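With compact mmCIF, C-alpha atoms and all ligand atoms inside, this is run15.txt:
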```
# COMPACT_ATOMS: atom_id res chain seq x y z
CA MET A 1 -0.81 -13.18 13.41
CA LYS A 2 -3.04 -10.29 12.42
CA HIS A 3 -4.01 -9.58 8.79
CA PHE A 4 -5.35 -6.82 6.58
CA LYS A 5 -6.82 -7.15 3.10
CA PHE A 6 -4.94 -6.17 -0.04
CA ASP A 7 -6.91 -6.77 -3.25
CA ASP A 8 -8.88 -9.48 -1.41
CA GLU A 9 -5.79 -11.30 -0.11
CA ASN A 10 -4.94 -11.54 3.57
CA ILE A 11 -1.63 -9.86 4.32
CA PRO A 12 -0.05 -10.68 7.72
CA PHE A 13 1.53 -7.93 9.76
CA HIS A 14 3.27 -7.32 13.09
CA ASP A 15 2.03 -4.70 15.53
CA GLY A 16 3.53 -1.32 14.68
CA GLU A 17 4.50 -2.30 11.16
CA SER A 18 3.67 -0.04 8.20
CA VAL A 19 1.36 -1.22 5.44
CA ALA A 20 4.24 -0.86 2.97
CA ALA A 21 6.56 -3.06 5.05
CA ALA A 22 3.91 -5.74 5.43
CA LEU A 23 3.13 -5.71 1.70
CA LEU A 24 6.79 -6.01 0.70
CA ARG A 25 7.36 -8.83 3.18
CA ALA A 26 4.38 -10.63 1.61
CA GLY A 27 5.92 -10.22 -1.86
CA LYS A 28 3.47 -7.52 -2.96
CA TRP A 29 5.54 -4.71 -4.46
CA ARG A 30 3.03 -3.31 -7.00
CA PHE A 31 1.18 -0.68 -4.96
CA ARG A 32 -0.19 1.42 -7.81
CA GLU A 33 -0.13 2.10 -11.56
CA THR A 34 0.64 5.46 -13.08
CA ARG A 35 -2.24 7.17 -14.84
CA LYS A 36 -0.81 7.66 -18.33
CA THR A 37 1.67 4.84 -18.88
CA LYS A 38 0.29 2.23 -16.44
CA GLU A 39 3.74 1.64 -14.98
CA ASP A 40 3.97 -0.08 -11.61
CA ARG A 41 5.06 1.91 -8.58
CA SER A 42 6.03 0.79 -5.09
CA LEU A 43 7.99 1.97 -2.07
CA PHE A 44 10.59 4.57 -3.05
CA CYS A 45 11.45 7.15 -0.39
CA GLY A 46 9.80 5.34 2.51
CA ILE A 47 9.30 8.59 4.44
CA GLY A 48 6.18 10.16 2.93
CA HIS A 49 7.73 12.49 0.34
CA CYS A 50 7.42 10.87 -3.08
CA PHE A 51 3.85 9.49 -3.15
CA ASP A 52 4.97 6.47 -5.16
CA CYS A 53 3.44 4.15 -2.54
CA ILE A 54 -0.13 5.48 -2.65
CA VAL A 55 -2.94 2.96 -2.32
CA VAL A 56 -6.70 2.98 -1.80
CA VAL A 57 -7.56 2.44 1.88
CA ASN A 58 -11.15 1.67 2.84
CA GLY A 59 -12.25 3.45 -0.36
CA GLU A 60 -10.10 6.54 0.17
CA ILE A 61 -7.54 7.20 -2.57
CA ASN A 62 -4.00 8.61 -2.28
CA GLN A 63 -3.07 7.06 1.07
CA ARG A 64 0.67 6.60 1.57
CA ALA A 65 1.41 3.00 2.50
CA CYS A 66 4.80 3.92 3.97
CA LEU A 67 3.19 6.17 6.61
CA LEU A 68 0.15 4.06 7.39
CA GLU A 69 0.30 1.69 10.34
CA ALA A 70 -1.12 -1.74 9.52
CA ASP A 71 -4.45 -2.56 11.14
CA GLU A 72 -6.98 -5.37 10.82
CA LYS A 73 -9.69 -2.84 9.90
CA LEU A 74 -7.90 -1.88 6.67
CA SER A 75 -9.13 -3.01 3.29
CA ILE A 76 -6.52 -1.88 0.79
CA ARG A 77 -6.55 -1.93 -3.00
CA LYS A 78 -3.92 -1.22 -5.61
CA GLN A 79 -4.49 2.31 -6.91
CA LEU A 80 -5.12 2.42 -10.65
CA GLY A 81 -5.12 5.46 -12.88
CA VAL A 82 -4.62 8.32 -10.43
CA ASN A 83 -1.36 10.33 -10.61
S1 LIG B 1 7.41 5.65 -0.45
FE1 LIG B 1 7.54 7.76 -0.82
S2 LIG B 1 5.71 8.54 0.06
FE2 LIG B 1 5.69 6.44 0.55
```
I'd like the structure from this file rewritten - as structure tokens, please.
Ligand code: FES
Amino acid sequence: MKHFKFDDENIPFHDGESVAAALLRAGKWRFRETRKTKEDRSLFCGIGHCFDCIVVVNGEINQRACLLEADEKLSIRKQLGVN
């Protein structure tokens, strides 16, 4: 099975699966923290509207995990302190 990195852990995924789906299946539901209150956020709408699922992908912030297709080239980190 293929993998991508999430905070230095290998997360398995199936071809065509979204990053969000793979993370949830792996038990990783904390995708980001809110800036002011540091509350955890995860998948909410699942269709690209709410931005609750944003993560850092290969150093680029504000990437929506629900819209991003999983790929072995991805190195993803929990997003801290933005929005
Ligand atoms: S879960 Fe709402 S934009 Fe991704």
Q: Go through A:Arg64, A:Lys2, A:Lys73, A:Arg30 one by one, measure the shortest atom-to-atom distance of each to ligand LIG 1 (chain B) using all atoms listed in the file, and give the residue with the smallest value.
A: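 For ligand LIG 1 (chain B), the nearest of the candidates is A:Arg64.
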Query raised in the report: Residues at most 8 Å from ligand LIG 1 (chain B), using all atoms listed in the file? Could they come as an MDAnalysis selection string?
Result: chainID A and resid 20 42:54 64:67
- Query: Given the choices A:Pro12, A:Asp7, A:Lys36, A:Glu17, which gets closest to Leu68 (chain A) if the distance is worked out from all atoms listed in the file?
  - Reply: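 Looking at the shortest contact to Leu68 (chain A), the residue is A:Glu17.
Every residue within 7 Å of the file position (-0.4, -5.4, 8.2), judged by all atoms listed in the file, is given as Lys2, His3, Phe4, Ile11, Pro12, Phe13, His14, Glu17, Ser18, Val19, Ala22, Ala70 and Asp71 of chain A.
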- Got a sec to check which residues sit within 12 Å of (-6.8, 7.0, 3.1), counting all atoms listed in the file, and write them as a VMD selection string? chain A and resid 19 54 to 65 67 to 69 74 to 77 79
Size and centre in Å, one decimal, axis-aligned box, all listed region 47-53 of chain A atoms plus 5 Å per side, as lines of an AutoDock Vina configuration file:
```
center_x = 6.4
center_y = 8.3
center_z = -0.4
size_x = 15.9
size_y = 18.3
size_z = 19.6
```
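Relative to CA of Arg32 (chain A), CA of Phe6 (chain A) is found at 11.9 Å.
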task = For CA of Asp40 (chain A) and CA of Asp15 (chain A), determine how far apart the two atoms are, in Å to one decimal place.
result =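 One can read the CA of Asp40 (chain A) to CA of Asp15 (chain A) distance as 27.6 Å.
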re CA of Gly16 (chain A) and CA of Gly81 (chain A): distance 29.7 Å
Can I get region 27-41 of chain A with N, CA and C atoms filled in, as a short mmCIF file (atom, residue, chain, number, x, y, z; two decimals), keeping the file's coordinate frame?
```cif
data_model
loop_
_atom_site.label_atom_id
_atom_site.label_comp_id
_atom_site.auth_asym_id
_atom_site.auth_seq_id
_atom_site.Cartn_x
_atom_site.Cartn_y
_atom_site.Cartn_z
N GLY A 27 5.60 -10.09 -0.44
CA GLY A 27 5.92 -10.22 -1.86
C GLY A 27 5.07 -9.36 -2.76
N LYS A 28 4.34 -8.42 -2.17
CA LYS A 28 3.47 -7.52 -2.96
C LYS A 28 4.18 -6.19 -3.14
N TRP A 29 4.80 -5.96 -4.25
CA TRP A 29 5.54 -4.71 -4.46
C TRP A 29 4.84 -3.78 -5.44
N ARG A 30 3.77 -4.19 -6.09
CA ARG A 30 3.03 -3.31 -7.00
C ARG A 30 1.91 -2.63 -6.21
N PHE A 31 2.15 -1.40 -5.78
CA PHE A 31 1.18 -0.68 -4.96
C PHE A 31 0.20 0.11 -5.82
N ARG A 32 0.68 0.62 -6.95
CA ARG A 32 -0.19 1.42 -7.81
C ARG A 32 0.31 1.38 -9.24
N GLU A 33 -0.52 1.89 -10.16
CA GLU A 33 -0.13 2.10 -11.56
C GLU A 33 -0.22 3.57 -11.86
N THR A 34 0.72 4.07 -12.68
CA THR A 34 0.64 5.46 -13.08
C THR A 34 -0.52 5.66 -14.05
N ARG A 35 -1.05 6.89 -14.06
CA ARG A 35 -2.24 7.17 -14.84
C ARG A 35 -2.03 7.02 -16.34
N LYS A 36 -0.98 7.62 -16.87
CA LYS A 36 -0.81 7.66 -18.33
C LYS A 36 -0.17 6.40 -18.89
N THR A 37 0.90 5.94 -18.28
CA THR A 37 1.67 4.84 -18.88
C THR A 37 1.42 3.49 -18.22
N LYS A 38 0.65 3.47 -17.15
CA LYS A 38 0.29 2.23 -16.44
C LYS A 38 1.52 1.50 -15.90
N GLU A 39 2.56 2.26 -15.57
CA GLU A 39 3.74 1.64 -14.98
C GLU A 39 3.49 1.36 -13.50
N ASP A 40 4.11 0.27 -13.03
CA ASP A 40 3.97 -0.08 -11.61
C ASP A 40 4.82 0.84 -10.76
N ARG A 41 4.31 1.15 -9.58
CA ARG A 41 5.06 1.91 -8.58
C ARG A 41 4.96 1.19 -7.25
#
```
